[in-house]
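Have a look at the structure below before the remarks.
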Amino acid sequence: MPFGSAQTSSLQYPRGTPQTPISGPMDHFRHDTEAYASGNYTRATRHTPRSRSPTPFGDDEDYKLDGDTVLHYTGHSRHSDQFYDSEKLHDDLDDEYDISQYADNPDEDDYRGASEKTPPIMEPETPVETRHFGPAPIGRIRRRLKKKRVQLTNGNLVVDLSVPPKLVLPYRGEPEMVQTRYSAVTCDPDDFEKEKFFLRQNESGRTTELFIVITMYNEDEVLFCRTMYGVMRNIAHLCSRKHSQTWGPDAWKKVVVCIVADGRKKIHPRVLDCLTVLGVYQPGDHMKNMVNGKEVTAHLFEYTTSFALDPNIQFRYPDKGIVPTQIIFCMKEKNQKKINSHRWFFNAFAPMLQPNVCVLLDVGTRPGNNSIYKLWKTFDVNSNVGGACGEIAVYKGKNWKNLLNPLVAAQNFEYKLSNILDKPTESMFGYISVLPGAFSAYRWIALQNGRNGQGPLASYFKGEVLHGGDTDIFTSNMYLAEDRILCFELIAKANSNWVLRYVKGAIGETDVPESLPEFISQRRRWLNGSFFAAVYAIAHTGQILRSGHSTSRKVTLMIEAVYNLINLVFSWFAIGNFYLFFVILSSSLEDPSFGMPSIRYFNALVQYFLASIIIACFLMSMGNKPKAAHRKYKLASVFLGVLMIYIMVASVFCGIAAASQVGGPLVLLSVAITYGVYVTSSLLAFDPWHILTSFLPYLLVTPTYLCILSVYAFSNLHDISWGTKQDIVPDKDLGTAVQDSHSQVDIEMLAEAADANGIYEDALEGLRASKFANGGSSESKRIRPERKVMNEREREMAAMDYYADVRTNVLLAWVLSNGVLLLLILSESSPSSTFDPEAGVSRTKGYLMFILAFAAITNSVRFAGSTLYLLMRVFTA
């Protein structure tokens, strides 16, 4: 148990007798790690002393030699109620973080299982007499510091810090594992190399094959460890490849992991604890706000860790398959959004390392144990692949309990259909509209700009500098989906023939919104960004004709552009089509042939109710945040789900009636093709479980997608934010460093190894006392108010007025165009006679036939592309 109660022991060894460590995995939270690492394990438990004085106190740990042969350990036992109950804490976490399905060694023992085999340790019968020298100090312990003169390197503050002696190092003697390098970066990411900053890999002369970036904001330690442990398991898999020309036992030297934290004061404190116990992060006076009058933009830590923390916050060592991992931890001083974090990765560090493949991950996404290798293999086999993505899977929790939430189940079905139908089809065309930033990979040379400074990366980072009135609302919303812009620019790169590929089996499991307000806010960015990015890609289709693709590939990409255009038009009229289907199917039951004459009164009520809900969604979306109106949105979603049940029942009656009517077989065939494609494609992909667990919730949540999400997105076109504000005013809490005439600066360093151990123990204590049910601290999520002068405020107001005006125009165009559709279909036609056996093909019936036939055709295209992808995968391995 990582947080179990400690017991005091009395161990006796005759002098000269070798002491055998207790078998099984070692727990940092209960054992003396320094003694364990050195092989002189003499204590079965350890707790942090109340006093750091070398003179023992009554409650402190003490040793006493009894003669020349016996060593007694003196201490006190802690009561179990002083610790957080780890068994209750991790009861639900053991299985939900189990990635044994991807593991190389399926017989690997569980950490807890091994620890339970440890024999119980008895309390000492009689405590040894101790001497008292006053009460133990109360409050935070002051670290002993001493001034150290540090020589600047190329005018930059670079300090090598020794790791705490208590840190267990499976590989001792390696310089990169006994020292952490800190660099105070005082420049923009684009000037990193120009300002003569460097990385450890440049000094060692190692080549970098894989460069992995993990971006984070204020996620907690569980999400961080889930992602980091998954990455380290992937590196272990690379080291296990025995017949590879690239990988092997020393494969970890070719992989660098870069962790970019978006804001020093935004990062979760327990994530810093995790990085501290891994040896990566070391706080102290060496961290500065300014160096030689230059503002520090990022704090850079470099370290090669040789062990891991799993999602249960338990240590994993080489005996569990962990290999060393080269880590670069870039903690940005300010919060400047995710795209700026990617600029540090692509423009500052990647040019120094010149990797072959760059992998992008978000904290919270856990790659399968060989998923990164599968992504890399796609680049290795196909030299014209410029980007690739894997399968983004919904994190379902222990025993798939998260699927009990209809919102999670609906997203699971949506993700599965995308992975089974959409991504393979787009992969066969050669252009995937979006490679998810949560788990994707790019070839480094494919991303490079041309000589004129234009190219994929230049277009990708253009969105970072768009503020207020500096650009139009179209471009601002388009760059909410900057990853879509990167994909298009990569395909349309001049004189190049790069293609994008989907890699089945490269699984990345991620968290999805479990509450409706969070879901609405997320989809607002996605819907607005994807809509305008799709318009941009279609409008710039001619750019593909100037690329280096072959004629056949250009024709294929043109066909895909037409296909995307048709889907874009139908998505514009989605809400109108939903309302039309509801009115036509419900009103059809009023026909005398159904024998329900009184249902017209009920239909009048439910149709009015649906219209009222849609109008309410517009009103709630104007100026209200989803969290502020969460009850209203939840009620609207529930009511829409109930109405969906009614329309599903009505469709069954109408389908039975249509079987013997003119045009009826076409309607039934279209419905059968649509749902048959879902089932058949899932079976061919050997992944049918979402049909059983998530199809019904998806149907019930579909009106929420069409009404609530679409209305909120278009009603908030003027909102181009990511939900966070950037930091404007620099902090000054870390102090400054100014060089003397010899290019040296004075900084305060820890005086003794015991002080370094104290920081390490504080981090362990912080993780021990943490309760994972707790979200991020309120302090870490607090937004710093922006200080702006009046003229800047006026510019912002002018930009807001402009955005609001364009939002109104787009919203009017959307509402009026869907209203015109309703008038065209419902005018001069009675919906109740749609399935009248004596009537022919009315306007409403013809409309149903057209829409259902279109859905069947598009799903058939998706099915053909998906099946062709599976066949190509079989024959090309």
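Going by the structure tokens order, chains are called A, B, ..., each with residues numbered from 1, while ligands are numbered from 1 in the order shown.
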
(message) as a PyMOL selection string, please: the residues near stretch 193-210 of chain A (cut-off 10 Å, only C-alpha atoms, same-chain neighbours under 3 positions excluded).
(response) chain A and resi 153-158+176+181+183-190+213+235+246-247+251-257+300-303+326+328+347-359+372-373+376+441+443-444

(message) as a PyMOL selection string, please: every residue in stretch 561-634 of chain A that a backbone DSSP assignment puts in helix (DSSP H, G or I).
(response) chain A and resi 561-572+574-588+592-594+599-621+630-634

Exercise: A:Ser637 partners within 8 Å, only C-alpha atoms, chain neighbours under 6 positions left out, as a PDB file with C-alpha atoms, in the first residue's frame:
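The resulting file, selection-v9.pdb, is reproduced below:
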ATOM      1  CA  VAL A 701     -28.198  12.497 -27.340  1.00  0.00           C
ATOM      2  CA  PRO A 703     -30.878  16.075 -30.662  1.00  0.00           C
ATOM      3  CA  THR A 704     -28.482  17.643 -28.156  1.00  0.00           C
ATOM      4  CA  ILE A 708     -27.951  22.694 -28.192  1.00  0.00           C
TER       5      ILE A 708
END

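Note that atom CA of A:Tyr460 and atom CA of A:Glu482 are 5.9 Å apart.
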
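The space separating atom CA of A:Thr844 from atom CA of A:Leu527 comes to 29.4 Å.
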
(request) Extract, using only C-alpha atoms, all DNA, RNA and protein residues at most 7 Å from A:Tyr698, discarding same-chain residues fewer than 2 positions from it, and format them as a PyMOL selection string. (result) chain A and resi 409-410+413+694-696+700-702

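We find atom CA of A:Cys707 and atom CA of A:Asp719 to be spaced 18.9 Å apart.
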
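The residue set within 6 Å of stretch 216-232 of chain A, counting only C-alpha atoms and dropping same-chain residues fewer than 3 places from it, reads A:Ile235, A:Ala261, A:Asp262, A:Lys266, A:Ile267, A:His268, A:Arg270, A:Val271, A:Asp310, A:Pro311, A:Val363, A:Gly364, A:Thr365, A:Arg366, A:Pro367, A:Gly776.
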
Write to file, as a compact mmCIF listing (two decimals), in the first residue's frame, the residues of the selection just made, with all heavy atoms.
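selection07.txt was written with the following content:
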# COMPACT_ATOMS: atom_id res chain seq x y z
N ILE A 235 8.53 3.59 -24.66
CA ILE A 235 9.98 3.60 -24.83
C ILE A 235 10.56 2.23 -24.45
O ILE A 235 11.49 1.73 -25.09
CB ILE A 235 10.60 4.72 -23.98
CG1 ILE A 235 10.08 6.09 -24.44
CG2 ILE A 235 12.13 4.70 -24.06
CD1 ILE A 235 10.54 7.25 -23.59
N ALA A 261 4.74 22.98 -19.75
CA ALA A 261 3.68 23.44 -18.84
C ALA A 261 3.33 24.89 -19.19
O ALA A 261 4.22 25.75 -19.27
CB ALA A 261 4.14 23.34 -17.39
N ASP A 262 2.06 25.16 -19.36
CA ASP A 262 1.59 26.47 -19.82
C ASP A 262 1.35 27.40 -18.62
O ASP A 262 0.23 27.63 -18.22
CB ASP A 262 0.31 26.30 -20.64
CG ASP A 262 -0.05 27.57 -21.40
OD1 ASP A 262 0.81 28.46 -21.49
OD2 ASP A 262 -1.19 27.66 -21.90
N LYS A 266 0.20 28.19 -13.07
CA LYS A 266 -1.00 27.46 -13.44
C LYS A 266 -0.84 25.96 -13.24
O LYS A 266 -1.83 25.24 -13.07
CB LYS A 266 -1.34 27.73 -14.92
CG LYS A 266 -1.48 29.19 -15.28
CD LYS A 266 -2.63 29.86 -14.56
CE LYS A 266 -2.77 31.31 -14.99
NZ LYS A 266 -3.86 32.01 -14.28
N ILE A 267 0.38 25.46 -13.28
CA ILE A 267 0.61 24.04 -13.18
C ILE A 267 0.15 23.51 -11.83
O ILE A 267 0.28 24.18 -10.80
CB ILE A 267 2.11 23.72 -13.43
CG1 ILE A 267 2.34 22.20 -13.47
CG2 ILE A 267 2.99 24.38 -12.38
CD1 ILE A 267 3.75 21.83 -13.89
N HIS A 268 -0.41 22.31 -11.83
CA HIS A 268 -0.91 21.71 -10.60
C HIS A 268 0.27 21.42 -9.65
O HIS A 268 1.28 20.85 -10.07
CB HIS A 268 -1.65 20.42 -10.92
CG HIS A 268 -2.56 19.96 -9.85
ND1 HIS A 268 -2.10 19.44 -8.66
CD2 HIS A 268 -3.92 19.95 -9.76
CE1 HIS A 268 -3.13 19.12 -7.89
NE2 HIS A 268 -4.24 19.41 -8.54
N ARG A 270 0.74 19.21 -7.38
CA ARG A 270 1.12 17.80 -7.21
C ARG A 270 1.77 17.23 -8.46
O ARG A 270 2.48 16.22 -8.36
CB ARG A 270 -0.11 16.99 -6.79
CG ARG A 270 -0.55 17.27 -5.36
CD ARG A 270 -1.42 16.15 -4.80
NE ARG A 270 -2.67 16.03 -5.50
CZ ARG A 270 -3.80 16.68 -5.18
NH1 ARG A 270 -3.78 17.51 -4.16
NH2 ARG A 270 -4.90 16.50 -5.86
N VAL A 271 1.57 17.86 -9.59
CA VAL A 271 2.34 17.47 -10.78
C VAL A 271 3.80 17.84 -10.58
O VAL A 271 4.71 17.08 -10.95
CB VAL A 271 1.76 18.13 -12.04
CG1 VAL A 271 2.68 17.93 -13.24
CG2 VAL A 271 0.38 17.59 -12.35
N ASP A 310 3.41 5.24 -11.90
CA ASP A 310 2.23 4.78 -12.65
C ASP A 310 1.01 5.62 -12.24
O ASP A 310 1.09 6.46 -11.34
CB ASP A 310 2.01 3.28 -12.44
CG ASP A 310 1.57 2.93 -11.03
OD1 ASP A 310 1.27 3.84 -10.24
OD2 ASP A 310 1.52 1.72 -10.71
N PRO A 311 -0.14 5.43 -12.89
CA PRO A 311 -1.31 6.26 -12.57
C PRO A 311 -1.82 6.11 -11.15
O PRO A 311 -2.57 6.96 -10.68
CB PRO A 311 -2.36 5.78 -13.58
CG PRO A 311 -1.57 5.26 -14.72
CD PRO A 311 -0.37 4.63 -14.11
N VAL A 363 -1.75 15.97 -21.97
CA VAL A 363 -1.85 15.32 -20.67
C VAL A 363 -3.27 14.79 -20.50
O VAL A 363 -4.25 15.49 -20.75
CB VAL A 363 -1.51 16.30 -19.54
CG1 VAL A 363 -2.01 15.80 -18.21
CG2 VAL A 363 -0.01 16.50 -19.46
N GLY A 364 -3.39 13.55 -20.08
CA GLY A 364 -4.68 12.88 -19.97
C GLY A 364 -4.87 11.82 -21.04
O GLY A 364 -5.72 10.94 -20.89
N THR A 365 -4.07 11.88 -22.11
CA THR A 365 -4.13 10.86 -23.16
C THR A 365 -3.08 9.80 -22.87
O THR A 365 -1.90 10.10 -22.74
CB THR A 365 -3.87 11.48 -24.54
OG1 THR A 365 -4.85 12.48 -24.80
CG2 THR A 365 -3.95 10.42 -25.62
N ARG A 366 -3.53 8.56 -22.78
CA ARG A 366 -2.61 7.46 -22.47
C ARG A 366 -2.41 6.59 -23.70
O ARG A 366 -3.33 5.90 -24.14
CB ARG A 366 -3.17 6.61 -21.33
CG ARG A 366 -2.29 5.43 -20.95
CD ARG A 366 -2.96 4.54 -19.92
NE ARG A 366 -4.20 3.98 -20.41
CZ ARG A 366 -4.98 3.19 -19.68
NH1 ARG A 366 -4.65 2.91 -18.44
NH2 ARG A 366 -6.09 2.71 -20.20
N PRO A 367 -1.23 6.62 -24.30
CA PRO A 367 -0.99 5.76 -25.46
C PRO A 367 -0.82 4.32 -25.04
O PRO A 367 -0.29 4.02 -23.97
CB PRO A 367 0.31 6.34 -26.05
CG PRO A 367 1.01 6.95 -24.87
CD PRO A 367 -0.06 7.45 -23.95
N GLY A 776 -8.10 20.25 -9.35
CA GLY A 776 -6.99 21.17 -9.18
C GLY A 776 -7.30 22.17 -8.10
O GLY A 776 -8.43 22.48 -7.79

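Omitting A:Ser552 and its sequence neighbours fewer than 6 positions away, and counting only C-alpha atoms, the residues within 12 Å are Phe429, Gly430, Asn497, Leu545, Met558 and Ile559 of chain A.
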
(message) Please determine, counting only C-alpha atoms, which residue among A:Leu605, A:Ile720, A:Val394, A:Leu361 has the shortest atom-to-atom distance to A:Ala799.
(response) A:Ile720

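With only C-alpha atoms as the atoms that count, the minimum distance from A:Arg523 to the choices A:Leu709, A:Val499, A:Ile392, A:Ile656 is reached by A:Leu709.
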
(request) Please provide the set of residues having any atom within 12 Å of A:Pro837, restricted to only C-alpha atoms, with same-chain residues fewer than 4 positions apart removed, written as a ChimeraX atom specification. (result) /A:588,591-594,654,656-664,832-833,841-842,845

Output file for the residues above (all heavy atoms, as a compact mmCIF listing (two decimals), in the first residue's frame):
# COMPACT_ATOMS: atom_id res chain seq x y z
N SER A 588 -47.42 12.32 -39.53
CA SER A 588 -47.87 11.20 -40.36
C SER A 588 -48.78 10.26 -39.60
O SER A 588 -49.63 9.57 -40.19
CB SER A 588 -46.66 10.45 -40.91
OG SER A 588 -45.88 11.28 -41.76
N ASP A 591 -52.72 10.37 -39.98
CA ASP A 591 -53.45 9.83 -41.12
C ASP A 591 -54.43 8.76 -40.63
O ASP A 591 -54.10 7.96 -39.74
CB ASP A 591 -52.48 9.23 -42.13
CG ASP A 591 -53.16 8.86 -43.43
OD1 ASP A 591 -53.36 9.76 -44.26
OD2 ASP A 591 -53.50 7.67 -43.59
N PRO A 592 -55.64 8.72 -41.19
CA PRO A 592 -56.64 7.73 -40.75
C PRO A 592 -56.17 6.29 -40.86
O PRO A 592 -56.65 5.42 -40.13
CB PRO A 592 -57.83 7.99 -41.69
CG PRO A 592 -57.68 9.43 -42.09
CD PRO A 592 -56.20 9.67 -42.17
N SER A 593 -55.22 6.04 -41.77
CA SER A 593 -54.76 4.65 -41.94
C SER A 593 -54.06 4.12 -40.70
O SER A 593 -53.95 2.90 -40.52
CB SER A 593 -53.82 4.56 -43.15
OG SER A 593 -52.68 5.39 -42.95
N PHE A 594 -53.59 4.98 -39.82
CA PHE A 594 -52.91 4.54 -38.60
C PHE A 594 -53.91 4.31 -37.46
O PHE A 594 -53.54 3.73 -36.44
CB PHE A 594 -51.87 5.59 -38.16
CG PHE A 594 -50.67 5.63 -39.05
CD1 PHE A 594 -50.57 6.54 -40.08
CD2 PHE A 594 -49.63 4.74 -38.86
CE1 PHE A 594 -49.46 6.58 -40.90
CE2 PHE A 594 -48.50 4.77 -39.67
CZ PHE A 594 -48.43 5.69 -40.71
N CYS A 654 -44.22 4.48 -39.26
CA CYS A 654 -44.15 4.99 -40.62
C CYS A 654 -43.40 4.04 -41.54
O CYS A 654 -43.75 3.89 -42.72
CB CYS A 654 -43.49 6.37 -40.63
SG CYS A 654 -44.44 7.67 -39.80
N ILE A 656 -43.27 0.76 -41.30
CA ILE A 656 -44.16 -0.37 -41.61
C ILE A 656 -45.18 0.03 -42.67
O ILE A 656 -45.47 -0.72 -43.61
CB ILE A 656 -44.86 -0.86 -40.32
CG1 ILE A 656 -43.82 -1.42 -39.34
CG2 ILE A 656 -45.92 -1.91 -40.65
CD1 ILE A 656 -44.41 -1.77 -37.98
N ALA A 657 -45.73 1.24 -42.55
CA ALA A 657 -46.72 1.72 -43.51
C ALA A 657 -46.09 1.96 -44.88
O ALA A 657 -46.75 1.76 -45.92
CB ALA A 657 -47.36 2.99 -43.00
N ALA A 658 -44.81 2.38 -44.91
CA ALA A 658 -44.15 2.71 -46.18
C ALA A 658 -43.76 1.48 -46.97
O ALA A 658 -43.47 1.59 -48.18
CB ALA A 658 -42.91 3.57 -45.91
N ALA A 659 -43.74 0.31 -46.35
CA ALA A 659 -43.26 -0.89 -47.02
C ALA A 659 -44.07 -1.21 -48.27
O ALA A 659 -43.54 -1.74 -49.26
CB ALA A 659 -43.28 -2.07 -46.06
N SER A 660 -45.37 -0.89 -48.27
CA SER A 660 -46.25 -1.25 -49.40
C SER A 660 -46.66 -0.04 -50.21
O SER A 660 -47.63 -0.12 -50.98
CB SER A 660 -47.50 -1.96 -48.86
OG SER A 660 -48.19 -1.13 -47.93
N GLN A 661 -45.95 1.08 -50.09
CA GLN A 661 -46.33 2.30 -50.79
C GLN A 661 -45.29 2.66 -51.86
O GLN A 661 -44.18 2.11 -51.88
CB GLN A 661 -46.49 3.46 -49.79
CG GLN A 661 -47.58 3.25 -48.76
CD GLN A 661 -47.67 4.39 -47.77
OE1 GLN A 661 -47.01 5.41 -47.94
NE2 GLN A 661 -48.49 4.23 -46.75
N VAL A 662 -45.68 3.62 -52.67
CA VAL A 662 -44.77 4.11 -53.71
C VAL A 662 -43.60 4.83 -53.05
O VAL A 662 -43.79 5.73 -52.25
CB VAL A 662 -45.51 5.06 -54.67
CG1 VAL A 662 -44.54 5.60 -55.72
CG2 VAL A 662 -46.67 4.35 -55.35
N GLY A 663 -42.39 4.42 -53.40
CA GLY A 663 -41.20 5.02 -52.83
C GLY A 663 -40.85 4.48 -51.46
O GLY A 663 -39.78 4.81 -50.92
N GLY A 664 -41.72 3.66 -50.89
CA GLY A 664 -41.45 3.12 -49.56
C GLY A 664 -40.23 2.22 -49.50
O GLY A 664 -39.41 2.34 -48.58
N SER A 832 -49.29 15.32 -42.61
CA SER A 832 -50.07 14.17 -42.15
C SER A 832 -50.37 13.17 -43.26
O SER A 832 -50.67 12.01 -42.98
CB SER A 832 -51.38 14.65 -41.50
OG SER A 832 -52.16 15.36 -42.44
N SER A 833 -50.30 13.60 -44.52
CA SER A 833 -50.60 12.69 -45.64
C SER A 833 -49.34 12.12 -46.28
O SER A 833 -49.39 11.60 -47.39
CB SER A 833 -51.42 13.44 -46.70
OG SER A 833 -50.68 14.55 -47.22
N VAL A 841 -46.26 10.37 -54.36
CA VAL A 841 -45.06 10.91 -53.72
C VAL A 841 -45.27 12.40 -53.52
O VAL A 841 -45.16 13.20 -54.46
CB VAL A 841 -43.81 10.65 -54.57
CG1 VAL A 841 -42.58 11.24 -53.89
CG2 VAL A 841 -43.63 9.16 -54.80
N SER A 842 -45.63 12.79 -52.31
CA SER A 842 -45.83 14.20 -51.98
C SER A 842 -44.49 14.89 -51.78
O SER A 842 -43.43 14.26 -51.82
CB SER A 842 -46.69 14.33 -50.73
OG SER A 842 -46.04 13.76 -49.62
N LYS A 845 -42.83 13.53 -48.64
CA LYS A 845 -42.32 12.17 -48.84
C LYS A 845 -41.09 12.18 -49.74
O LYS A 845 -40.11 11.45 -49.50
CB LYS A 845 -43.41 11.30 -49.43
CG LYS A 845 -43.08 9.81 -49.41
CD LYS A 845 -44.29 8.99 -49.82
CE LYS A 845 -44.04 7.50 -49.64
NZ LYS A 845 -45.24 6.70 -49.98
